[in-house]
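Here the structure is laid out as structure tokens; the discussion comes afterwards.
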Amino acid sequence: MAIEKDAAPIAPQEVVLQLLVDLQAQQLAIREEQRQSARERKSERRWSIGIKALLVLAPIAAGAMFLVNASGYSFGPLRDVVGVVRIQGEIAQGTLASADKVIPALEDAFSSARVKHVVLAIDSPGGAPAEAERITRAISVLRQKHPKPVTAIIGNMGASAAYMTAMHADRIVAGKYSLVGSIGAIIAPWQLDQAIAQFHVSQRVYASGKLKAFLNPFTPVSEASDAKAQQLVSHVGAMFVNELVAQRGMRLKAGIDYGTGEVWSGEEARSLGLVDEIGSLESLVRTAPDLKPFHFGPQESSIARFASTIGRTAAATLAGASLRDAGQSIR
């Protein structure tokens with residue numbers, strides 16, 4: 001039987017060396033844990049700062065976007081587009097279709113290098129001829145500075161001053177059921193002298209000339225004032241017809257009296273030469289699929305739309321309450 005010898009004793013220096021190695025490994029592990037903990041704290045600080053910044057900046061950005069939208073401003077197109085300028089509602093001072101609102105939108109559309117085609121999206125019964133004249137003069141000036149094709153597209157209606165604006169485009173497009181025309185002029189003052197006479201009230205007017213107050217509704221109509229009013233509208237109406245002939249030229253059908261003031265459907269207007277083709281904004285865009293429509297306005301601000309909605313809601317509520325009260329009184 002073999003007898004094992006006792007294991008050789010470990011030298012003290014080897015024990016010390018092993019302790020130093022273990023201590024160094026522990027220090028390295030502690031340092032790695034400290035670095036990992038520092039990275040985690042740094043990441044947590046970044047997330048905390050990011051979340052706080054988001055909570056602070058998001059409402060500011062939303063408010064800024066609301067104010068931009070409320071002001072009616074829109075950022076320019078980033079690709080080639082059809083620039084749409086809207087002429088909607090009555091053309092008069094203070095309205096959405098006023099020259100003060102439409103002309104800046106025209107300037108933006110014509111000056112943008114991304115706009116390859118300008119469209120006048122018209123849906124208006126007309127209005128003040130002087131406002132329409134300002135708009136058409138602006139179109140003429142802008143076309144000389146930024147040559148681009150211009151198409152007028154009539155929606156539900158393009159009448160009177162609205163058609164006066166449309167006929168300055170290169171071509172006019174309307175729907176089959178659009179109402180087009182009303183070429184002429186009209187003055188329709190109230191005549192209230194007989195009404196106030198029933199209350200034994202009259203108005204004394206001192207004027208520097210016999211026709212200075214010819215449109216005063218509180219004084220009786222004289223033959224001279226009646227003749228002056230008719231002469232004025234006949235003159236303005238004749239200028240409208242002459243401008244129509246100058247703009248549309250050979251496209252107009254011969255032998256037609258365009259100054260009757262009547263309104264035609266889109267189909268009739270095309271047969272008479274007042275409209276070039278039947279279509280819509282959508283059909284125009286389909287002919288150029290690479291060009292998407294970009295709306296330059298003018299458009300009602302968010303604040304105005306909100307106020308309008310509140311007004312309509314209040315009116316509907318009051319109307320409903322009145323009907324309910326009436327129904328109860330009838331019962």
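Residue numbering restarts at 1 in every chain; chains get A, B, ... in the order shown in the structure tokens, and ligands count up from 1 in that same order.
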Contact residues around Ala166 of chain A with only C-alpha atoms at 8 Å, ignoring same-chain residues under 3 positions, as a VMD selection string: chain A and resid 120 122 152 to 153 158 162 to 163 169 172
Would you mind listing what lies within 12 Å of Gly175 of chain A as a PyMOL selection string, with only C-alpha atoms counted and same-chain residues fewer than 4 positions away left out? chain A and resi 122-123+152-158+179-180+264-270+275-284
Tell me, as a PyMOL selection string, which residues lie within 12 Å of segment 200-202 of chain A, counting only C-alpha atoms; anything in the same chain fewer than 6 positions away does not count. chain A and resi 192-194+217-220
How would the residues just chosen look if you wrote them out with C-alpha atoms as a compact mmCIF listing (two decimals), in the first residue's frame?
# COMPACT_ATOMS: atom_id res chain seq x y z
CA LEU A 192 -88.63 105.26 -47.74
CA ASP A 193 -90.16 108.71 -48.18
CA GLN A 194 -93.74 107.38 -48.30
CA PRO A 217 -83.96 107.08 -49.83
CA PHE A 218 -85.85 109.61 -47.68
CA THR A 219 -86.70 112.06 -50.45
CA PRO A 220 -89.14 111.54 -53.35
For Asp290 of chain A, find every residue with an atom within 9 Å (counting only C-alpha atoms), except residues of its own chain fewer than 5 positions away, and show them as a list in words. Asp80, Val81 and Val285 of chain A
Shortest contact to Gly273 of chain A, candidates A:Val245, A:Val82, A:Ala92, A:Ile196, atoms counted only C-alpha atoms, goes to A:Val245
Between atom CA of Val263 of chain A and atom CA of Val85 of chain A, measure the distance and give it in Å to one decimal. 23.9 Å
Looking only at helix (DSSP H, G or I) from DSSP on the backbone, list the matching residues of segment 88-280 of chain A as number ranges by chain. A: 99-111, 129-145, 161-166, 193-197, 223-251, 258-260, 266-272
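Going from atom CA of Leu96 of chain A over to atom CA of Ala185 of chain A, you cover 21.9 Å.
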Please run DSSP on the backbone and report, as a PyMOL selection string, all residues within segment 19-222 of chain A that come out as strand (DSSP E or B). chain A and resi 81-88+91+115-124+127+150-159+171-174+179-181
Excluding segment 226-230 of chain A and any residue of its chain fewer than 5 positions from it, enumerate the residues within 10 Å of it, using only C-alpha atoms, and give them as a ChimeraX atom specification. /A:185-188,211,214-215,221,235
Can you pull out every residue within 9 Å of segment 131-134 of chain A, counting only C-alpha atoms, but drop anything in the same chain fewer than 6 positions away, and send it as JSON, numbers by chain? {"A": [91, 92, 93, 97, 98, 99, 100, 103, 161, 162, 164, 165]}
